[in-house]
Amino acid sequence: MSDPRKVVLVTGATGRQGGAIIQNLLSAPDMAGFNIIAVTRDVASPRALKLGANFNVSVIDGDISQPEAIFQKVGPVWGVYSVQVNSDTEEKQGMAIVDTAVANGVRHFVYSSGDRGGPEKSPVNPTKVRNFAAKYRIEKYLVERAMASPQKMTYTILRPVTFFENLAPDIHGKGFARMWEQMGDKKLQFVSTQDIGRVAAYSFMYPDDYRNVALTLVGDELTQSEAEAMFKAAVGSSMPMAPCPVASTVKFLLKGTVGDMFHWFEREGYGGDVAACRQLYPGMKDFKAWVEDNKGQWLST
Ligand SMILES: NC(=O)c1ccc[n+]([C@@H]2O[C@H](COP(=O)([O-])OP(=O)(O)OC[C@H]3O[C@@H](n4cnc5c(N)ncnc54)[C@H](OP(=O)(O)O)[C@@H]3O)[C@@H](O)[C@H]2O)c1
């Protein structure tokens, strides 16, 4: 007898968003009737081994630059969760997996993109930030290919704002915190990757409700100095930050990516509706809740 469970292929499964979607599906009763195929380039990594220890999760070796080879390893796939990392090949990879999904009869495709100024601006605003513009073009391609697909593949585009998880205790996190502080009174919007995973899981569990929509995901909006008080209350010390000249130099040297992105944060910025999002998804983390849940990483350093 064939397995009646729907198969969802998750790219970036060992990463922040992909990991969160799997965690959210795992906590649904009977995994909401899904089997998950988790894609990684290293099936022997600790994260991959941990994923593979879960019932109904199969970990497979694959490179998203060759999506056809991934699909050839597995049987029919009902749903795809697609995420790429920022790189010169992001656009090519993002479009190739759309093509492969269409060719393999996938029914529902979830693409993790990024917000570009809210629901009105995002569809018409590629921005000058390189990886934001790549996501804009992948979105357009997905919509076009899904609409024209023989199976009428449906899609959900998730547009998260900045991840709270950027604020890690490492050098990257310290640099990010300083660049945020350098924005002064301009607020920055944030969301937790756990909440992105939650909404991505819902979009597979309730595909009719998430059919052909694009959603900006945001949990809070604040300046670094507003966050500082909450950070101090939770952690007991100031938010660690890289020295100003280091942060400014990084923005200058990485002008096409980090530099342009912070320039955009300051001049334009995300356009998520925090209250509406939190109403739609009760319990969505704001900074206070996120730092409280994650303070252990600073306390142990
Ligand atoms: N950081 C933010 O604030 C923010 C905000 C909005 C949007 N975004 C977007 O989020 C995306 C990154 O998502 P994330 O932070 O969840 O990623 P992540 O934690 O960096 O994880 C990415 C995963 O992708 C896998 N991967 C990378 N290259 C691959 C390849 N060629 N083939 C197969 N797998 C590959 C890696 O798995 P293996 O090593 O196991 O293969 C890795 O675990 C970027 O596009 C970024 O622009 C980020």
# chains A, B, ... in the order shown; residues from 1 in each chain; ligands from 1
$ residues_near_ligand --ligand "ligand 1" --cutoff "7 Å" --atoms "only C-alpha atoms and all ligand atoms" --output "PDB file with C-alpha atoms, in the first residue's frame"
ATOM      1  CA  THR A  11      15.994  23.070   1.708  1.00  0.00           C
ATOM      2  CA  GLY A  12      18.282  24.826   4.192  1.00  0.00           C
ATOM      3  CA  ALA A  13      17.124  22.169   6.670  1.00  0.00           C
ATOM      4  CA  THR A  14      20.182  22.489   8.902  1.00  0.00           C
ATOM      5  CA  GLY A  15      19.858  26.276   8.894  1.00  0.00           C
ATOM      6  CA  ARG A  16      17.825  28.714  10.928  1.00  0.00           C
ATOM      7  CA  GLN A  17      14.611  28.963   8.911  1.00  0.00           C
ATOM      8  CA  GLY A  18      14.631  25.421   7.499  1.00  0.00           C
ATOM      9  CA  VAL A  39      18.292  18.539   2.222  1.00  0.00           C
ATOM     10  CA  THR A  40      21.885  19.140   3.304  1.00  0.00           C
ATOM     11  CA  ARG A  41      25.313  19.024   1.705  1.00  0.00           C
ATOM     12  CA  ASP A  42      26.639  17.061   4.672  1.00  0.00           C
ATOM     13  CA  ALA A  48      21.883  16.604   9.990  1.00  0.00           C
ATOM     14  CA  GLY A  62      22.054  17.400  -2.134  1.00  0.00           C
ATOM     15  CA  ASP A  63      23.220  20.716  -3.527  1.00  0.00           C
ATOM     16  CA  ILE A  64      20.477  23.201  -4.365  1.00  0.00           C
ATOM     17  CA  SER A  65      22.501  24.235  -7.413  1.00  0.00           C
ATOM     18  CA  VAL A  83      15.503  29.085   0.813  1.00  0.00           C
ATOM     19  CA  GLN A  84      18.891  30.174  -0.516  1.00  0.00           C
ATOM     20  CA  VAL A  85      21.826  31.847   1.169  1.00  0.00           C
ATOM     21  CA  ASN A  86      23.027  35.252  -0.025  1.00  0.00           C
ATOM     22  CA  SER A 113      12.101  35.739   0.474  1.00  0.00           C
ATOM     23  CA  GLY A 114      12.441  39.032   2.368  1.00  0.00           C
ATOM     24  CA  ASN A 131      20.277  40.036  -2.379  1.00  0.00           C
ATOM     25  CA  PRO A 160      10.549  38.120   6.799  1.00  0.00           C
ATOM     26  CA  VAL A 161      12.226  41.274   8.074  1.00  0.00           C
ATOM     27  CA  THR A 162      15.582  41.171   9.936  1.00  0.00           C
ATOM     28  CA  PHE A 163      16.074  38.089  12.108  1.00  0.00           C
ATOM     29  CA  ASN A 166      21.485  38.207  13.759  1.00  0.00           C
TER      30      ASN A 166
END
$ residues_around --residues "Tyr111 in chain A" --least-positions-apart "4" --cutoff "10 Å" --atoms "only C-alpha atoms" --output "PyMOL selection string"
chain A and resi 80-84+94+98+135+138-139+142+155-159+200+214
$ write_last_selection --atoms "all heavy atoms" --output "tab-separated table (two decimals), in the first residue's frame"
chain	number	residue	atom	x	y	z
A	80	VAL	N	7.36	21.97	-1.43
A	80	VAL	CA	8.77	22.37	-1.37
A	80	VAL	C	8.90	23.62	-0.52
A	80	VAL	O	8.11	24.56	-0.66
A	80	VAL	CB	9.34	22.65	-2.78
A	80	VAL	CG1	10.69	23.36	-2.71
A	80	VAL	CG2	9.48	21.35	-3.58
A	81	TYR	N	9.88	23.60	0.38
A	81	TYR	CA	10.26	24.83	1.09
A	81	TYR	C	11.60	25.26	0.53
A	81	TYR	O	12.59	24.53	0.61
A	81	TYR	CB	10.38	24.57	2.61
A	81	TYR	CG	10.89	25.78	3.33
A	81	TYR	CD1	10.06	26.86	3.58
A	81	TYR	CD2	12.22	25.87	3.71
A	81	TYR	CE1	10.53	28.00	4.20
A	81	TYR	CE2	12.70	27.00	4.35
A	81	TYR	CZ	11.85	28.07	4.58
A	81	TYR	OH	12.32	29.19	5.19
A	82	SER	N	11.65	26.43	-0.05
A	82	SER	CA	12.85	26.88	-0.75
A	82	SER	C	13.47	28.10	-0.07
A	82	SER	O	12.81	29.12	0.12
A	82	SER	CB	12.47	27.23	-2.20
A	82	SER	OG	13.56	27.83	-2.86
A	83	VAL	N	14.75	27.95	0.28
A	83	VAL	CA	15.50	29.08	0.81
A	83	VAL	C	16.91	28.99	0.25
A	83	VAL	O	17.43	27.90	0.04
A	83	VAL	CB	15.52	29.09	2.37
A	83	VAL	CG1	16.23	27.89	2.96
A	83	VAL	CG2	16.11	30.38	2.92
A	84	GLN	N	17.50	30.13	-0.05
A	84	GLN	CA	18.89	30.17	-0.52
A	84	GLN	C	19.68	31.06	0.44
A	84	GLN	O	19.10	31.86	1.16
A	84	GLN	CB	18.99	30.78	-1.94
A	84	GLN	CG	18.43	29.91	-3.03
A	84	GLN	CD	16.90	29.95	-3.08
A	84	GLN	OE1	16.31	31.02	-2.97
A	84	GLN	NE2	16.27	28.81	-3.24
A	94	GLY	N	17.50	29.87	-6.90
A	94	GLY	CA	16.10	30.09	-6.55
A	94	GLY	C	15.17	29.80	-7.71
A	94	GLY	O	14.08	29.26	-7.53
A	98	VAL	N	12.44	26.28	-8.64
A	98	VAL	CA	11.06	26.52	-9.10
A	98	VAL	C	10.81	25.66	-10.35
A	98	VAL	O	9.81	24.93	-10.44
A	98	VAL	CB	10.83	28.02	-9.42
A	98	VAL	CG1	9.52	28.22	-10.15
A	98	VAL	CG2	10.88	28.86	-8.15
A	135	LYS	N	15.87	38.31	-4.65
A	135	LYS	CA	14.63	37.72	-4.12
A	135	LYS	C	13.41	38.26	-4.89
A	135	LYS	O	12.46	37.51	-5.16
A	135	LYS	CB	14.51	38.01	-2.63
A	135	LYS	CG	15.50	37.19	-1.81
A	135	LYS	CD	15.46	37.58	-0.35
A	135	LYS	CE	16.36	36.70	0.50
A	135	LYS	NZ	17.78	36.73	0.15
A	138	ILE	N	13.28	36.33	-8.09
A	138	ILE	CA	12.86	34.93	-7.86
A	138	ILE	C	11.34	34.89	-7.62
A	138	ILE	O	10.64	34.03	-8.14
A	138	ILE	CB	13.62	34.29	-6.67
A	138	ILE	CG1	15.12	34.19	-6.97
A	138	ILE	CG2	13.08	32.90	-6.36
A	138	ILE	CD1	15.99	33.83	-5.75
A	139	GLU	N	10.85	35.84	-6.83
A	139	GLU	CA	9.40	35.88	-6.56
A	139	GLU	C	8.61	35.98	-7.87
A	139	GLU	O	7.64	35.27	-8.08
A	139	GLU	CB	9.05	37.10	-5.71
A	139	GLU	CG	9.41	36.99	-4.24
A	139	GLU	CD	8.90	38.19	-3.45
A	139	GLU	OE1	8.06	38.97	-3.98
A	139	GLU	OE2	9.33	38.36	-2.30
A	142	LEU	N	8.73	32.77	-9.75
A	142	LEU	CA	7.88	31.75	-9.11
A	142	LEU	C	6.41	31.95	-9.48
A	142	LEU	O	5.73	31.00	-9.88
A	142	LEU	CB	8.07	31.82	-7.57
A	142	LEU	CG	7.05	31.06	-6.72
A	142	LEU	CD1	7.05	29.56	-7.03
A	142	LEU	CD2	7.32	31.28	-5.24
A	155	TYR	N	1.50	28.67	-4.38
A	155	TYR	CA	2.72	29.15	-3.73
A	155	TYR	C	2.38	30.05	-2.54
A	155	TYR	O	1.30	30.64	-2.47
A	155	TYR	CB	3.59	29.94	-4.72
A	155	TYR	CG	2.91	31.15	-5.27
A	155	TYR	CD1	2.92	32.36	-4.59
A	155	TYR	CD2	2.20	31.11	-6.47
A	155	TYR	CE1	2.25	33.48	-5.07
A	155	TYR	CE2	1.53	32.21	-6.96
A	155	TYR	CZ	1.56	33.39	-6.27
A	155	TYR	OH	0.88	34.48	-6.73
A	156	THR	N	3.32	30.10	-1.61
A	156	THR	CA	3.27	31.07	-0.51
A	156	THR	C	4.63	31.73	-0.48
A	156	THR	O	5.66	31.05	-0.45
A	156	THR	CB	3.04	30.37	0.85
A	156	THR	OG1	1.88	29.56	0.76
A	156	THR	CG2	2.87	31.39	1.97
A	157	ILE	N	4.63	33.05	-0.53
A	157	ILE	CA	5.89	33.79	-0.43
A	157	ILE	C	5.96	34.39	0.98
A	157	ILE	O	5.06	35.12	1.39
A	157	ILE	CB	5.97	34.90	-1.49
A	157	ILE	CG1	5.99	34.28	-2.91
A	157	ILE	CG2	7.22	35.78	-1.27
A	157	ILE	CD1	5.83	35.29	-4.04
A	158	LEU	N	7.00	34.03	1.71
A	158	LEU	CA	7.19	34.59	3.05
A	158	LEU	C	8.23	35.70	2.96
A	158	LEU	O	9.30	35.49	2.38
A	158	LEU	CB	7.64	33.50	4.03
A	158	LEU	CG	6.66	32.33	4.17
A	158	LEU	CD1	7.21	31.29	5.13
A	158	LEU	CD2	5.28	32.81	4.64
A	159	ARG	N	7.87	36.84	3.51
A	159	ARG	CA	8.81	37.98	3.45
A	159	ARG	C	9.18	38.41	4.86
A	159	ARG	O	8.61	39.38	5.40
A	159	ARG	CB	8.17	39.15	2.69
A	159	ARG	CG	7.86	38.86	1.22
A	159	ARG	CD	7.55	40.15	0.48
A	159	ARG	NE	7.18	39.93	-0.89
A	159	ARG	CZ	6.03	40.30	-1.44
A	159	ARG	NH1	5.12	40.93	-0.71
A	159	ARG	NH2	5.80	40.07	-2.71
A	200	ALA	N	5.63	29.11	8.05
A	200	ALA	CA	5.94	28.21	6.92
A	200	ALA	C	5.24	26.86	7.14
A	200	ALA	O	4.67	26.29	6.20
A	200	ALA	CB	7.45	28.02	6.79
A	214	ALA	N	1.52	36.49	-0.43
A	214	ALA	CA	2.85	36.91	0.03
A	214	ALA	C	2.64	37.62	1.37
A	214	ALA	O	1.76	38.48	1.49
A	214	ALA	CB	3.48	37.85	-0.97
$ atom_distance --atom1 "CA of Met95 in chain A" --atom2 "CA of Lys6 in chain A"
23.4 Å
$ atom_distance --atom1 "CA of Ile60 in chain A" --atom2 "CA of Ile21 in chain A"
16.7 Å
$ residues_around --residues "Arg198 in chain A" --least-positions-apart "3" --cutoff "8 Å" --atoms "only C-alpha atoms" --output "PDB file with C-alpha atoms, in the first residue's frame"
ATOM      1  CA  ALA A  20      12.525  26.032  12.448  1.00  0.00           C
ATOM      2  CA  ILE A  21       9.989  24.812   9.930  1.00  0.00           C
ATOM      3  CA  ASN A  24       7.285  23.327  13.956  1.00  0.00           C
ATOM      4  CA  GLN A 194      11.035  30.288  15.021  1.00  0.00           C
ATOM      5  CA  ASP A 195       8.035  32.397  14.005  1.00  0.00           C
ATOM      6  CA  ALA A 201       4.589  25.103   8.678  1.00  0.00           C
ATOM      7  CA  TYR A 202       1.053  26.575   8.635  1.00  0.00           C
TER       8      TYR A 202
END
$ residues_around --residues "Ser225 in chain A" --least-positions-apart "2" --cutoff "12 Å" --atoms "only C-alpha atoms" --output "list in words"
Ala177, Arg178, Trp180, Glu181, Gln182, Met183, Gly184, Asp185, Lys186, Lys187, Leu188, Glu221, Leu222, Thr223, Ala227, Glu228, Ala229, Met230, Phe231, Lys232, Ser238 and Met239 of chain A
$ write_last_selection --atoms "N, CA, C and O atoms" --output "mmCIF file, in the first residue's frame"
data_model
loop_
_atom_site.group_PDB
_atom_site.id
_atom_site.type_symbol
_atom_site.label_atom_id
_atom_site.label_comp_id
_atom_site.auth_asym_id
_atom_site.auth_seq_id
_atom_site.Cartn_x
_atom_site.Cartn_y
_atom_site.Cartn_z
ATOM 1 N N ALA A 177 24.852 44.548 15.837
ATOM 2 C CA ALA A 177 24.310 45.398 16.906
ATOM 3 C C ALA A 177 24.837 46.834 16.764
ATOM 4 O O ALA A 177 24.095 47.804 16.930
ATOM 5 N N ARG A 178 26.123 46.980 16.437
ATOM 6 C CA ARG A 178 26.691 48.326 16.294
ATOM 7 C C ARG A 178 26.073 49.051 15.088
ATOM 8 O O ARG A 178 25.748 50.245 15.171
ATOM 9 N N TRP A 180 23.190 48.626 13.876
ATOM 10 C CA TRP A 180 21.821 48.993 14.290
ATOM 11 C C TRP A 180 21.897 50.244 15.173
ATOM 12 O O TRP A 180 21.133 51.203 14.977
ATOM 13 N N GLU A 181 22.818 50.270 16.114
ATOM 14 C CA GLU A 181 22.989 51.432 17.001
ATOM 15 C C GLU A 181 23.311 52.677 16.179
ATOM 16 O O GLU A 181 22.840 53.779 16.472
ATOM 17 N N GLN A 182 24.076 52.479 15.092
ATOM 18 C CA GLN A 182 24.447 53.619 14.235
ATOM 19 C C GLN A 182 23.239 54.178 13.471
ATOM 20 O O GLN A 182 23.320 55.238 12.887
ATOM 21 N N MET A 183 22.113 53.442 13.472
ATOM 22 C CA MET A 183 20.901 53.949 12.814
ATOM 23 C C MET A 183 20.191 55.009 13.668
ATOM 24 O O MET A 183 19.222 55.627 13.210
ATOM 25 N N GLY A 184 20.665 55.185 14.908
ATOM 26 C CA GLY A 184 20.096 56.227 15.786
ATOM 27 C C GLY A 184 18.627 56.011 16.076
ATOM 28 O O GLY A 184 18.228 54.939 16.510
ATOM 29 N N ASP A 185 17.802 57.063 15.765
ATOM 30 C CA ASP A 185 16.376 57.006 16.111
ATOM 31 C C ASP A 185 15.538 56.219 15.122
ATOM 32 O O ASP A 185 14.326 56.059 15.321
ATOM 33 N N LYS A 186 16.150 55.781 14.043
ATOM 34 C CA LYS A 186 15.367 55.033 13.050
ATOM 35 C C LYS A 186 15.176 53.606 13.565
ATOM 36 O O LYS A 186 16.139 52.891 13.860
ATOM 37 N N LYS A 187 13.911 53.180 13.651
ATOM 38 C CA LYS A 187 13.627 51.845 14.175
ATOM 39 C C LYS A 187 13.903 50.778 13.121
ATOM 40 O O LYS A 187 13.787 51.049 11.924
ATOM 41 N N LEU A 188 14.242 49.592 13.581
ATOM 42 C CA LEU A 188 14.455 48.459 12.674
ATOM 43 C C LEU A 188 13.448 47.367 13.037
ATOM 44 O O LEU A 188 13.206 47.110 14.216
ATOM 45 N N GLU A 221 9.516 46.217 16.332
ATOM 46 C CA GLU A 221 10.100 47.365 15.615
ATOM 47 C C GLU A 221 10.681 48.284 16.670
ATOM 48 O O GLU A 221 9.940 48.783 17.512
ATOM 49 N N LEU A 222 11.982 48.462 16.696
ATOM 50 C CA LEU A 222 12.571 49.269 17.770
ATOM 51 C C LEU A 222 13.975 49.751 17.416
ATOM 52 O O LEU A 222 14.609 49.227 16.483
ATOM 53 N N THR A 223 14.421 50.765 18.165
ATOM 54 C CA THR A 223 15.797 51.237 17.993
ATOM 55 C C THR A 223 16.696 50.393 18.896
ATOM 56 O O THR A 223 16.224 49.743 19.837
ATOM 57 N N ALA A 227 16.071 48.690 22.656
ATOM 58 C CA ALA A 227 16.350 47.275 22.923
ATOM 59 C C ALA A 227 17.349 47.117 24.065
ATOM 60 O O ALA A 227 17.283 46.158 24.836
ATOM 61 N N GLU A 228 18.251 48.078 24.175
ATOM 62 C CA GLU A 228 19.332 47.994 25.163
ATOM 63 C C GLU A 228 18.792 47.798 26.596
ATOM 64 O O GLU A 228 19.293 46.955 27.353
ATOM 65 N N ALA A 229 17.748 48.540 26.939
ATOM 66 C CA ALA A 229 17.193 48.445 28.296
ATOM 67 C C ALA A 229 16.657 47.030 28.548
ATOM 68 O O ALA A 229 16.862 46.450 29.618
ATOM 69 N N MET A 230 15.972 46.484 27.549
ATOM 70 C CA MET A 230 15.396 45.132 27.720
ATOM 71 C C MET A 230 16.506 44.088 27.748
ATOM 72 O O MET A 230 16.441 43.110 28.488
ATOM 73 N N PHE A 231 17.529 44.330 26.950
ATOM 74 C CA PHE A 231 18.659 43.395 26.919
ATOM 75 C C PHE A 231 19.331 43.363 28.290
ATOM 76 O O PHE A 231 19.592 42.294 28.848
ATOM 77 N N LYS A 232 19.564 44.543 28.826
ATOM 78 C CA LYS A 232 20.247 44.664 30.121
ATOM 79 C C LYS A 232 19.428 44.003 31.236
ATOM 80 O O LYS A 232 19.971 43.306 32.101
ATOM 81 N N SER A 238 25.277 45.157 29.131
ATOM 82 C CA SER A 238 24.925 45.839 27.881
ATOM 83 C C SER A 238 25.047 44.907 26.689
ATOM 84 O O SER A 238 25.811 43.950 26.717
ATOM 85 N N MET A 239 24.291 45.220 25.653
ATOM 86 C CA MET A 239 24.398 44.432 24.418
ATOM 87 C C MET A 239 25.818 44.592 23.863
ATOM 88 O O MET A 239 26.274 45.721 23.662
#
$ residues_around --residues "range 261-276 of chain A" --least-positions-apart "6" --cutoff "7 Å" --atoms "only C-alpha atoms" --output "PyMOL selection string"
chain A and resi 115-118+129+161+183+186+189+216-220
$ write_last_selection --atoms "all heavy atoms" --output "compact mmCIF listing (two decimals), in the first residue's frame"
# COMPACT_ATOMS: atom_id res chain seq x y z
N ASP A 115 11.20 40.98 3.10
CA ASP A 115 10.37 42.17 2.90
C ASP A 115 11.17 43.29 2.21
O ASP A 115 12.37 43.43 2.43
CB ASP A 115 9.83 42.67 4.24
CG ASP A 115 8.92 43.87 4.07
OD1 ASP A 115 7.82 43.68 3.53
OD2 ASP A 115 9.34 45.01 4.41
N ARG A 116 10.45 44.07 1.40
CA ARG A 116 11.12 45.20 0.72
C ARG A 116 10.28 46.48 0.87
O ARG A 116 10.23 47.30 -0.04
CB ARG A 116 11.33 44.86 -0.77
CG ARG A 116 12.33 43.71 -1.01
CD ARG A 116 12.47 43.39 -2.48
NE ARG A 116 11.21 42.96 -3.04
CZ ARG A 116 10.74 41.71 -2.97
NH1 ARG A 116 11.44 40.75 -2.40
NH2 ARG A 116 9.57 41.41 -3.49
N GLY A 117 9.63 46.61 2.04
CA GLY A 117 8.88 47.85 2.28
C GLY A 117 7.39 47.63 2.52
O GLY A 117 6.61 48.57 2.37
N GLY A 118 7.02 46.39 2.84
CA GLY A 118 5.60 46.11 3.13
C GLY A 118 4.88 45.51 1.94
O GLY A 118 5.46 45.40 0.85
N VAL A 129 19.59 46.81 -2.98
CA VAL A 129 20.35 45.83 -2.20
C VAL A 129 20.39 44.53 -3.02
O VAL A 129 19.34 43.99 -3.37
CB VAL A 129 19.70 45.59 -0.82
CG1 VAL A 129 20.57 44.70 0.05
CG2 VAL A 129 19.37 46.90 -0.13
N VAL A 161 11.33 40.11 7.88
CA VAL A 161 12.23 41.27 8.07
C VAL A 161 13.51 40.74 8.71
O VAL A 161 13.77 39.54 8.68
CB VAL A 161 11.51 42.36 8.91
CG1 VAL A 161 10.26 42.86 8.18
CG2 VAL A 161 11.12 41.84 10.30
N MET A 183 22.11 53.44 13.47
CA MET A 183 20.90 53.95 12.81
C MET A 183 20.19 55.01 13.67
O MET A 183 19.22 55.63 13.21
CB MET A 183 19.92 52.79 12.53
CG MET A 183 20.36 51.88 11.41
SD MET A 183 19.32 50.39 11.27
CE MET A 183 17.71 51.09 10.92
N LYS A 186 16.15 55.78 14.04
CA LYS A 186 15.37 55.03 13.05
C LYS A 186 15.18 53.61 13.56
O LYS A 186 16.14 52.89 13.86
CB LYS A 186 16.14 55.04 11.71
CG LYS A 186 15.52 54.20 10.63
CD LYS A 186 14.36 54.88 9.92
CE LYS A 186 13.86 53.97 8.80
NZ LYS A 186 12.63 54.37 8.23
N GLN A 189 12.87 46.74 12.01
CA GLN A 189 11.90 45.67 12.25
C GLN A 189 12.62 44.32 12.35
O GLN A 189 13.55 44.05 11.58
CB GLN A 189 10.86 45.64 11.13
CG GLN A 189 9.99 46.89 11.11
CD GLN A 189 8.75 46.74 10.26
OE1 GLN A 189 8.67 45.94 9.34
NE2 GLN A 189 7.73 47.55 10.58
N THR A 216 4.39 39.57 4.76
CA THR A 216 5.51 40.16 5.50
C THR A 216 5.41 39.69 6.94
O THR A 216 4.35 39.78 7.56
CB THR A 216 5.46 41.70 5.43
OG1 THR A 216 5.76 42.10 4.09
CG2 THR A 216 6.49 42.33 6.37
N LEU A 217 6.52 39.15 7.46
CA LEU A 217 6.51 38.62 8.83
C LEU A 217 7.37 39.51 9.72
O LEU A 217 8.57 39.68 9.47
CB LEU A 217 7.05 37.18 8.84
CG LEU A 217 6.26 36.20 7.96
CD1 LEU A 217 6.87 34.81 8.03
CD2 LEU A 217 4.79 36.14 8.38
N VAL A 218 6.74 40.06 10.76
CA VAL A 218 7.43 40.99 11.65
C VAL A 218 6.92 40.79 13.07
O VAL A 218 5.72 40.60 13.29
CB VAL A 218 7.23 42.46 11.17
CG1 VAL A 218 5.76 42.83 11.07
CG2 VAL A 218 7.98 43.45 12.05
N GLY A 219 7.84 40.82 14.05
CA GLY A 219 7.45 40.62 15.44
C GLY A 219 7.68 41.84 16.31
O GLY A 219 7.10 41.96 17.39
N ASP A 220 8.54 42.75 15.86
CA ASP A 220 8.81 43.94 16.67
C ASP A 220 9.50 45.00 15.81
O ASP A 220 9.98 44.71 14.69
CB ASP A 220 9.72 43.60 17.86
CG ASP A 220 9.51 44.54 19.05
OD1 ASP A 220 8.88 45.59 18.87
OD2 ASP A 220 9.99 44.21 20.15
$ select_by_dssp --residues "range 33-240 of chain A" --states "strand (DSSP E)" --output "MDAnalysis selection string"
chainID A and resid 34:40 57:61 79:82 108:112 154:160 162:163 188:191 213:217 220:222
$ write_last_selection --atoms "C-alpha atoms" --output "PDB file, in the first residue's frame"
ATOM      1  CA  PHE A  34       3.764  14.886   6.438  1.00  0.00           C
ATOM      2  CA  ASN A  35       6.974  13.069   5.688  1.00  0.00           C
ATOM      3  CA  ILE A  36       9.890  15.488   5.542  1.00  0.00           C
ATOM      4  CA  ILE A  37      12.888  15.243   3.297  1.00  0.00           C
ATOM      5  CA  ALA A  38      15.636  17.438   4.713  1.00  0.00           C
ATOM      6  CA  VAL A  39      18.292  18.539   2.222  1.00  0.00           C
ATOM      7  CA  THR A  40      21.885  19.140   3.304  1.00  0.00           C
ATOM      8  CA  VAL A  57      12.296  12.898   8.651  1.00  0.00           C
ATOM      9  CA  SER A  58      14.728  11.616   6.004  1.00  0.00           C
ATOM     10  CA  VAL A  59      17.948  13.492   5.507  1.00  0.00           C
ATOM     11  CA  ILE A  60      19.378  13.472   2.003  1.00  0.00           C
ATOM     12  CA  ASP A  61      22.576  14.700   0.510  1.00  0.00           C
ATOM     13  CA  GLY A  79       5.483  20.478  -1.193  1.00  0.00           C
ATOM     14  CA  VAL A  80       8.773  22.366  -1.369  1.00  0.00           C
ATOM     15  CA  TYR A  81      10.259  24.826   1.095  1.00  0.00           C
ATOM     16  CA  SER A  82      12.854  26.878  -0.752  1.00  0.00           C
ATOM     17  CA  HIS A 108       2.572  23.716  -3.123  1.00  0.00           C
ATOM     18  CA  PHE A 109       5.768  25.786  -3.061  1.00  0.00           C
ATOM     19  CA  VAL A 110       6.835  27.957  -0.141  1.00  0.00           C
ATOM     20  CA  TYR A 111       9.544  30.485  -0.918  1.00  0.00           C
ATOM     21  CA  SER A 112      11.352  32.292   1.860  1.00  0.00           C
ATOM     22  CA  THR A 154       0.204  27.042  -5.622  1.00  0.00           C
ATOM     23  CA  TYR A 155       2.716  29.155  -3.731  1.00  0.00           C
ATOM     24  CA  THR A 156       3.270  31.066  -0.514  1.00  0.00           C
ATOM     25  CA  ILE A 157       5.893  33.790  -0.426  1.00  0.00           C
ATOM     26  CA  LEU A 158       7.193  34.594   3.049  1.00  0.00           C
ATOM     27  CA  ARG A 159       8.807  37.980   3.446  1.00  0.00           C
ATOM     28  CA  PRO A 160      10.549  38.120   6.799  1.00  0.00           C
ATOM     29  CA  THR A 162      15.582  41.171   9.936  1.00  0.00           C
ATOM     30  CA  PHE A 163      16.074  38.089  12.108  1.00  0.00           C
ATOM     31  CA  LEU A 188      14.455  48.459  12.674  1.00  0.00           C
ATOM     32  CA  GLN A 189      11.904  45.671  12.252  1.00  0.00           C
ATOM     33  CA  PHE A 190      12.708  42.176  13.513  1.00  0.00           C
ATOM     34  CA  VAL A 191      11.223  38.687  13.553  1.00  0.00           C
ATOM     35  CA  VAL A 213      -0.188  34.930  -1.097  1.00  0.00           C
ATOM     36  CA  ALA A 214       2.845  36.908   0.034  1.00  0.00           C
ATOM     37  CA  LEU A 215       3.206  37.741   3.720  1.00  0.00           C
ATOM     38  CA  THR A 216       5.511  40.157   5.499  1.00  0.00           C
ATOM     39  CA  LEU A 217       6.511  38.621   8.832  1.00  0.00           C
ATOM     40  CA  ASP A 220       8.811  43.943  16.674  1.00  0.00           C
ATOM     41  CA  GLU A 221      10.100  47.365  15.615  1.00  0.00           C
ATOM     42  CA  LEU A 222      12.571  49.269  17.770  1.00  0.00           C
TER      43      LEU A 222
END
$ atom_distance --atom1 "CA of Arg145 in chain A" --atom2 "CA of Asp99 in chain A"
7.4 Å
$ residues_around --residues "Gly33 in chain A" --least-positions-apart "3" --cutoff "12 Å" --atoms "only C-alpha atoms" --output "list in words"
Asp3, Pro4, Arg5, Lys6, Val7, Val8, Leu25, Leu26, Ser27, Ala28, Pro29, Asp30, Ile36, Asn56, Val57, Trp78, Ala201, Phe204, Met205 and Tyr206 of chain A
$ residues_around --residues "Gln297 in chain A" --least-positions-apart "2" --cutoff "12 Å" --atoms "only C-alpha atoms" --output "JSON, numbers by chain"
{"A": [165, 167, 168, 169, 170, 173, 234, 235, 290, 291, 292, 293, 294, 295, 299, 300, 301]}
$ select_by_dssp --residues "range 146-192 of chain A" --states "alpha helix (DSSP H)" --output "PyMOL selection string"
chain A and resi 146-148+171-181
$ closest_residue --among "A:Gly256, A:Pro126, A:Gly296, A:Gly197" --to "Lys140 in chain A" --atoms "only C-alpha atoms"
A:Pro126
$ closest_residue --among "A:Ser203, A:Thr257, A:Thr100, A:Thr193" --to "Gln23 in chain A" --atoms "only C-alpha atoms"
A:Thr193
